[in-house]
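Below is final.csv, holding CSV, C-alpha atoms.
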```csv
chain,number,residue,atom,x,y,z
C,1336,MET,CA,93.0,74.3,84.3
C,1337,LEU,CA,93.4,76.1,87.7
C,1338,ASN,CA,93.3,79.9,87.5
C,1339,ILE,CA,95.7,81.6,90.0
C,1340,LEU,CA,95.2,85.3,90.3
C,1341,VAL,CA,97.6,87.6,92.2
C,1342,PRO,CA,96.3,91.1,92.5
C,1343,LEU,CA,99.2,93.3,93.5
C,1344,SER,CA,97.5,96.6,93.8
C,1345,GLY,CA,97.2,98.1,97.2
C,1346,LYS,CA,99.1,101.1,98.3
C,1347,SER,CA,100.9,99.0,101.0
C,1348,SER,CA,102.1,96.6,98.3
C,1349,PHE,CA,104.3,99.3,96.8
C,1350,LYS,CA,105.1,101.4,99.9
C,1351,VAL,CA,108.7,102.4,100.0
C,1352,THR,CA,110.7,104.1,102.8
C,1353,ALA,CA,113.9,106.1,103.1
C,1354,GLU,CA,115.7,102.8,104.1
C,1355,ASN,CA,114.0,100.6,101.5
C,1356,LYS,CA,113.7,102.1,98.0
C,1357,PHE,CA,111.9,99.1,96.6
C,1358,PRO,CA,108.5,97.6,97.4
C,1359,ARG,CA,108.2,94.7,99.8
C,1360,ILE,CA,107.8,92.0,97.0
C,1361,LEU,CA,111.3,92.9,95.9
C,1362,ASN,CA,112.9,92.5,99.3
C,1363,ASP,CA,115.9,90.2,99.2
C,1364,ILE,CA,115.6,87.3,101.7
C,1365,ASN,CA,118.8,85.2,101.9
C,1366,GLY,CA,119.6,85.8,98.2
C,1367,LYS,CA,116.0,85.4,96.8
C,1368,LEU,CA,113.3,88.0,96.3
C,1369,LEU,CA,110.1,87.8,98.4
C,1370,ILE,CA,108.1,87.5,95.1
C,1371,GLU,CA,110.4,84.6,94.1
C,1372,ARG,CA,109.8,82.7,97.4
C,1373,ALA,CA,106.1,83.5,97.4
C,1374,ALA,CA,105.6,82.3,93.8
C,1375,LYS,CA,107.4,79.0,94.3
C,1376,PRO,CA,104.6,76.9,95.8
C,1377,PHE,CA,102.3,77.9,92.9
C,1378,LEU,CA,105.0,77.2,90.3
C,1379,ASP,CA,105.5,73.8,92.0
C,1380,LEU,CA,101.8,72.9,91.7
C,1381,LYS,CA,101.2,69.5,90.1
C,1382,ILE,CA,97.7,70.7,88.9
C,1383,ASP,CA,97.7,72.3,85.4
C,1384,ASN,CA,97.5,76.0,86.1
C,1385,LYS,CA,97.8,79.5,84.7
C,1386,ILE,CA,99.1,82.4,86.9
C,1387,THR,CA,97.9,85.9,86.2
C,1388,VAL,CA,99.5,88.8,88.2
C,1389,ALA,CA,97.4,92.0,88.1
C,1390,LEU,CA,99.9,95.0,88.3
C,1391,PRO,CA,99.3,98.7,88.4
C,1392,GLN,CA,101.0,100.0,85.3
C,1393,PRO,CA,103.1,102.8,86.9
C,1394,GLN,CA,104.7,100.5,89.4
C,1395,ALA,CA,105.1,97.7,86.8
C,1396,SER,CA,107.1,100.1,84.7
C,1397,LYS,CA,109.0,101.7,87.5
C,1398,TYR,CA,110.2,98.4,89.0
C,1399,GLN,CA,110.4,96.4,85.8
C,1400,LEU,CA,108.0,93.9,87.3
C,1401,ASN,CA,107.0,92.4,83.9
C,1402,ASN,CA,110.7,91.3,83.5
C,1403,VAL,CA,110.8,89.9,87.0
C,1404,LEU,CA,107.6,87.8,86.3
C,1405,LYS,CA,109.1,86.5,83.1
C,1406,LEU,CA,112.1,85.2,85.0
C,1407,LEU,CA,109.9,83.4,87.5
C,1408,GLY,CA,108.2,81.1,85.0
C,1409,ASN,CA,106.6,80.6,81.6
C,1410,ASN,CA,103.1,80.1,83.0
C,1411,ILE,CA,103.0,83.6,84.6
C,1412,LYS,CA,101.3,86.4,82.8
C,1413,SER,CA,100.8,90.0,83.8
C,1414,CYS,CA,97.7,92.0,83.4
C,1415,SER,CA,97.9,95.8,83.6
C,1416,ILE,CA,95.7,97.9,85.9
C,1417,ASN,CA,95.4,101.6,85.1
C,1418,GLY,CA,94.7,103.8,88.0
C,1419,ASN,CA,93.9,103.1,91.7
C,1420,THR,CA,91.3,100.6,92.8
C,1421,GLN,CA,89.3,100.1,96.0
C,1422,GLY,CA,91.4,97.1,96.9
C,1423,SER,CA,92.3,93.6,95.9
C,1424,VAL,CA,88.8,92.5,95.1
C,1425,CYS,CA,88.3,95.4,92.6
C,1426,SER,CA,91.8,94.7,91.2
C,1427,ALA,CA,90.9,91.0,90.8
C,1428,LEU,CA,87.7,91.9,88.9
C,1429,LEU,CA,89.8,94.0,86.5
C,1430,ALA,CA,91.7,90.9,85.5
C,1431,ILE,CA,88.7,88.6,84.8
C,1432,GLU,CA,89.3,88.7,81.0
C,1433,GLU,CA,92.4,86.7,81.7
C,1434,LEU,CA,90.5,83.9,83.5
C,1435,ASP,CA,88.8,80.7,82.4
C,1436,LEU,CA,85.4,81.5,84.1
C,1437,ASP,CA,84.3,77.9,84.4
C,1438,SER,CA,87.6,76.7,86.0
C,1439,PRO,CA,88.6,76.8,89.7
C,1440,LEU,CA,90.3,80.0,91.0
C,1441,VAL,CA,92.8,80.7,93.6
C,1442,ILE,CA,93.4,84.3,94.7
C,1443,THR,CA,96.6,85.0,96.6
C,1444,SER,CA,99.3,87.5,97.1
C,1445,PHE,CA,103.0,87.4,96.5
C,1446,GLU,CA,103.6,89.2,99.8
C,1447,GLN,CA,103.5,86.1,102.0
C,1448,VAL,CA,105.3,82.7,101.7
C,1449,PHE,CA,103.7,79.3,102.1
C,1450,ASP,CA,106.6,77.2,103.3
C,1451,PHE,CA,104.8,73.9,102.7
C,1452,ASP,CA,103.4,72.0,99.8
C,1453,ILE,CA,100.0,73.4,98.9
C,1454,ASN,CA,99.2,70.7,96.4
C,1455,ALA,CA,97.1,68.5,98.7
C,1456,HIS,CA,95.1,71.5,100.0
C,1457,ILE,CA,94.2,72.7,96.5
C,1458,LYS,CA,93.4,69.1,95.3
C,1459,GLN,CA,91.1,68.6,98.3
C,1460,PHE,CA,89.2,71.8,97.5
C,1461,ILE,CA,88.8,70.6,93.9
C,1462,ASP,CA,88.1,66.9,94.6
C,1463,GLU,CA,85.5,67.6,97.3
C,1464,GLN,CA,83.9,70.2,95.1
C,1465,ILE,CA,84.1,72.9,97.8
C,1466,ASP,CA,82.4,76.2,96.7
C,1467,ALA,CA,85.0,78.4,98.4
C,1468,GLY,CA,87.7,77.9,100.9
C,1469,VAL,CA,90.7,79.5,102.7
C,1470,LEU,CA,93.8,78.3,104.4
C,1471,VAL,CA,94.2,79.3,108.0
C,1472,PHE,CA,96.7,79.4,110.8
C,1473,GLU,CA,96.5,80.0,114.5
C,1474,ALA,CA,96.9,83.7,115.5
C,1475,MET,CA,95.4,86.4,117.6
C,1476,HIS,CA,97.0,89.6,116.3
C,1477,PRO,CA,94.4,92.1,115.0
C,1478,LYS,CA,96.4,92.7,111.8
C,1479,TRP,CA,94.9,89.5,110.3
C,1480,SER,CA,91.5,88.6,109.0
C,1481,PHE,CA,89.7,85.7,110.7
C,1482,VAL,CA,87.1,83.0,110.2
C,1483,LYS,CA,84.9,81.0,112.5
C,1484,VAL,CA,84.4,77.4,111.5
C,1485,ASP,CA,82.0,74.6,112.6
C,1486,GLU,CA,83.0,71.1,113.8
C,1487,ASN,CA,83.5,70.0,110.2
C,1488,GLY,CA,85.9,72.8,109.3
C,1489,PHE,CA,83.3,74.8,107.2
C,1490,VAL,CA,83.5,78.6,107.5
C,1491,THR,CA,80.5,80.1,109.3
C,1492,GLN,CA,81.7,83.7,109.6
C,1493,ALA,CA,84.5,85.8,108.3
C,1494,ALA,CA,85.8,89.2,109.6
C,1495,GLU,CA,88.5,91.5,108.4
C,1496,LYS,CA,90.9,92.7,111.1
C,1497,MET,CA,88.6,91.4,113.9
C,1498,GLN,CA,89.5,88.5,116.1
C,1499,ILE,CA,86.3,86.4,116.0
C,1500,SER,CA,88.4,83.3,116.5
C,1501,ASN,CA,92.1,82.2,116.5
C,1502,LYS,CA,91.8,81.0,112.8
C,1503,ALA,CA,93.6,83.7,110.8
C,1504,ILE,CA,93.3,83.7,107.0
C,1505,ALA,CA,96.7,82.8,105.4
C,1506,GLY,CA,96.1,84.8,102.2
C,1507,LEU,CA,94.9,82.0,99.9
C,1508,TYR,CA,91.3,82.1,98.8
C,1509,TYR,CA,89.8,79.3,96.7
C,1510,PHE,CA,86.6,79.4,94.5
C,1511,LYS,CA,85.0,76.5,92.7
C,1512,SER,CA,85.0,78.7,89.6
C,1513,ALA,CA,86.1,82.1,88.6
C,1514,LYS,CA,82.4,82.8,87.7
C,1515,LEU,CA,81.5,82.1,91.4
C,1516,PHE,CA,84.1,84.6,92.5
C,1517,ILE,CA,82.8,87.3,90.2
C,1518,GLU,CA,79.2,86.8,91.4
C,1519,SER,CA,80.4,86.9,95.0
C,1520,ALA,CA,82.6,90.0,94.5
C,1521,LYS,CA,79.7,91.8,92.8
C,1522,ALA,CA,77.4,91.0,95.7
C,1523,MET,CA,80.0,92.2,98.2
C,1524,ILE,CA,80.4,95.5,96.3
C,1525,ARG,CA,76.6,95.9,96.0
C,1526,LYS,CA,76.2,95.4,99.8
C,1527,ASP,CA,79.3,97.6,100.5
C,1528,VAL,CA,80.8,94.9,102.6
C,1529,LYS,CA,84.6,95.1,103.1
```
Will you turn the file into structure tokens for me?
Amino acid sequence: MLNILVPLSGKSSFKVTAENKFPRILNDINGKLLIERAAKPFLDLKIDNKITVALPQPQASKYQLNNVLKLLGNNIKSCSINGNTQGSVCSALLAIEELDLDSPLVITSFEQVFDFDINAHIKQFIDEQIDAGVLVFEAMHPKWSFVKVDENGFVTQAAEKMQISNKAIAGLYYFKSAKLFIESAKAMIRKDVK
């Protein structure tokens, strides 16, 4: 069973403006919500999976997000987060009780849309027993996070909001197991690496 974890917790995730009274994930794009479009590639996975969306309780109630998630599919569960966190890694750690720790884990966001079939990519990570992986696209804008890769496509360096290459992270992070993610996240927190 593939764990899919979607931590929706950052302040920017629920930022509203005078023109837009709802958070970005509830934006209507040609008759469908952004969250609907973003969830589709994961709902269409041919790999047996369970999707957990970590939601801050006040926003979940205010925007009826639990009801929205129920309408998206039967294999989507929500997990409440009380209070503010230090970002998506901390929010993801708060949802670990919902995960099968020995199964593969994908962490993503429902704020971007993969407009291609992700089945082959996830299957390749699993079949090749890759410890961790990301999907990338070519970009140079400093708003993205980037990785450097070697001649075999293995990541040699990662940097947040710093153009160390033209390989920008597309917002999908894979871990061989949820347990490996937890160990990695704790090490990141101990070292105070963002």
Between atom CA of C:Trp1479 and atom CA of C:Leu1378, what is the spacing in Å?
25.6 Å
Contacts of C:Gly1506 within 12 Å, all atoms listed in the file, excl. fewer than 6 positions in-chain, as a ChimeraX atom specification:
/C:1340-1342,1373,1423,1441-1449,1468-1472,1479-1481,1495
Can you write just those residues out, C-alpha atoms, as a PDB file, in the coordinates of the input?
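Once everything was written out, this is again.pdb:
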```
ATOM      1  CA  LEU C1340      95.200  85.300  90.300  1.00  0.00           C
ATOM      2  CA  VAL C1341      97.600  87.600  92.200  1.00  0.00           C
ATOM      3  CA  PRO C1342      96.300  91.100  92.500  1.00  0.00           C
ATOM      4  CA  ALA C1373     106.100  83.500  97.400  1.00  0.00           C
ATOM      5  CA  SER C1423      92.300  93.600  95.900  1.00  0.00           C
ATOM      6  CA  VAL C1441      92.800  80.700  93.600  1.00  0.00           C
ATOM      7  CA  ILE C1442      93.400  84.300  94.700  1.00  0.00           C
ATOM      8  CA  THR C1443      96.600  85.000  96.600  1.00  0.00           C
ATOM      9  CA  SER C1444      99.300  87.500  97.100  1.00  0.00           C
ATOM     10  CA  PHE C1445     103.000  87.400  96.500  1.00  0.00           C
ATOM     11  CA  GLU C1446     103.600  89.200  99.800  1.00  0.00           C
ATOM     12  CA  GLN C1447     103.500  86.100 102.000  1.00  0.00           C
ATOM     13  CA  VAL C1448     105.300  82.700 101.700  1.00  0.00           C
ATOM     14  CA  PHE C1449     103.700  79.300 102.100  1.00  0.00           C
ATOM     15  CA  GLY C1468      87.700  77.900 100.900  1.00  0.00           C
ATOM     16  CA  VAL C1469      90.700  79.500 102.700  1.00  0.00           C
ATOM     17  CA  LEU C1470      93.800  78.300 104.400  1.00  0.00           C
ATOM     18  CA  VAL C1471      94.200  79.300 108.000  1.00  0.00           C
ATOM     19  CA  PHE C1472      96.700  79.400 110.800  1.00  0.00           C
ATOM     20  CA  TRP C1479      94.900  89.500 110.300  1.00  0.00           C
ATOM     21  CA  SER C1480      91.500  88.600 109.000  1.00  0.00           C
ATOM     22  CA  PHE C1481      89.700  85.700 110.700  1.00  0.00           C
ATOM     23  CA  GLU C1495      88.500  91.500 108.400  1.00  0.00           C
TER      24      GLU C1495
END
```
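Of the listed residues (C:Leu1507, C:Ile1457, C:Ala1467, C:Val1490), C:Ala1467 comes nearest to C:Ser1519; the distances count all atoms listed in the file.
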Separation of atom CA of C:His1456 from atom CA of C:Asn1487, in Å and rounded to one decimal
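Spanning atom CA of C:His1456 to atom CA of C:Asn1487 is a straight-line distance of 15.5 Å.
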Straight-line distance linking atom CA of C:Val1484 with atom CA of C:Ile1524, stated in Å to one decimal:
24.0 Å
So, with only C-alpha atoms as the atoms that count, which of C:Ala1503, C:Ala1494, C:Leu1407, C:Leu1400 lies closest to C:Phe1357?
C:Leu1400
Skipping near chain neighbours, those fewer than 6 positions away, what residues fall within 10 Å of C:Ala1427 using all atoms listed in the file, listed as an MDAnalysis selection string?
chainID C and resid 1340:1344 1387:1389 1416 1420 1442 1516:1517 1520
Nearest to C:Ile1370, chosen from C:Ser1348, C:Ser1426, C:Gln1394, C:Ser1415, with all atoms listed in the file counted in the distances
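Checking each of C:Ser1348, C:Ser1426, C:Gln1394, C:Ser1415 against C:Ile1370, counting all atoms listed in the file, the winner is C:Ser1348.
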Selected residue, from C:Lys1502, C:Lys1526, C:Lys1514, C:Lys1367, that lies nearest to C:Leu1434 when counting only C-alpha atoms:
C:Lys1514
Which residues come within 9 Å of C:Lys1483, counting only C-alpha atoms, excluding same-chain residues fewer than 6 positions away, as a PDB file with C-alpha atoms, keeping the file's coordinate frame?
```pdb
ATOM      1  CA  PHE C1489      83.300  74.800 107.200  1.00  0.00           C
ATOM      2  CA  VAL C1490      83.500  78.600 107.500  1.00  0.00           C
ATOM      3  CA  THR C1491      80.500  80.100 109.300  1.00  0.00           C
ATOM      4  CA  GLN C1492      81.700  83.700 109.600  1.00  0.00           C
ATOM      5  CA  ALA C1493      84.500  85.800 108.300  1.00  0.00           C
ATOM      6  CA  ALA C1494      85.800  89.200 109.600  1.00  0.00           C
ATOM      7  CA  ILE C1499      86.300  86.400 116.000  1.00  0.00           C
ATOM      8  CA  SER C1500      88.400  83.300 116.500  1.00  0.00           C
ATOM      9  CA  ASN C1501      92.100  82.200 116.500  1.00  0.00           C
ATOM     10  CA  LYS C1502      91.800  81.000 112.800  1.00  0.00           C
TER      11      LYS C1502
END
```
Can you list, as a PyMOL selection string, every protein, DNA or RNA residue that comes within 12 Å of C:Phe1451 when you count only C-alpha atoms, leaving out same-chain residues fewer than 6 positions away?
chain C and resi 1372-1373+1375-1377+1379-1380+1470
Store the residues picked out above in a file with C-alpha atoms, as a PDB file, keeping the file's coordinate frame.
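See selection-v7.pdb below for the written result:
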```
ATOM      1  CA  ARG C1372     109.800  82.700  97.400  1.00  0.00           C
ATOM      2  CA  ALA C1373     106.100  83.500  97.400  1.00  0.00           C
ATOM      3  CA  LYS C1375     107.400  79.000  94.300  1.00  0.00           C
ATOM      4  CA  PRO C1376     104.600  76.900  95.800  1.00  0.00           C
ATOM      5  CA  PHE C1377     102.300  77.900  92.900  1.00  0.00           C
ATOM      6  CA  ASP C1379     105.500  73.800  92.000  1.00  0.00           C
ATOM      7  CA  LEU C1380     101.800  72.900  91.700  1.00  0.00           C
ATOM      8  CA  LEU C1470      93.800  78.300 104.400  1.00  0.00           C
TER       9      LEU C1470
END
```
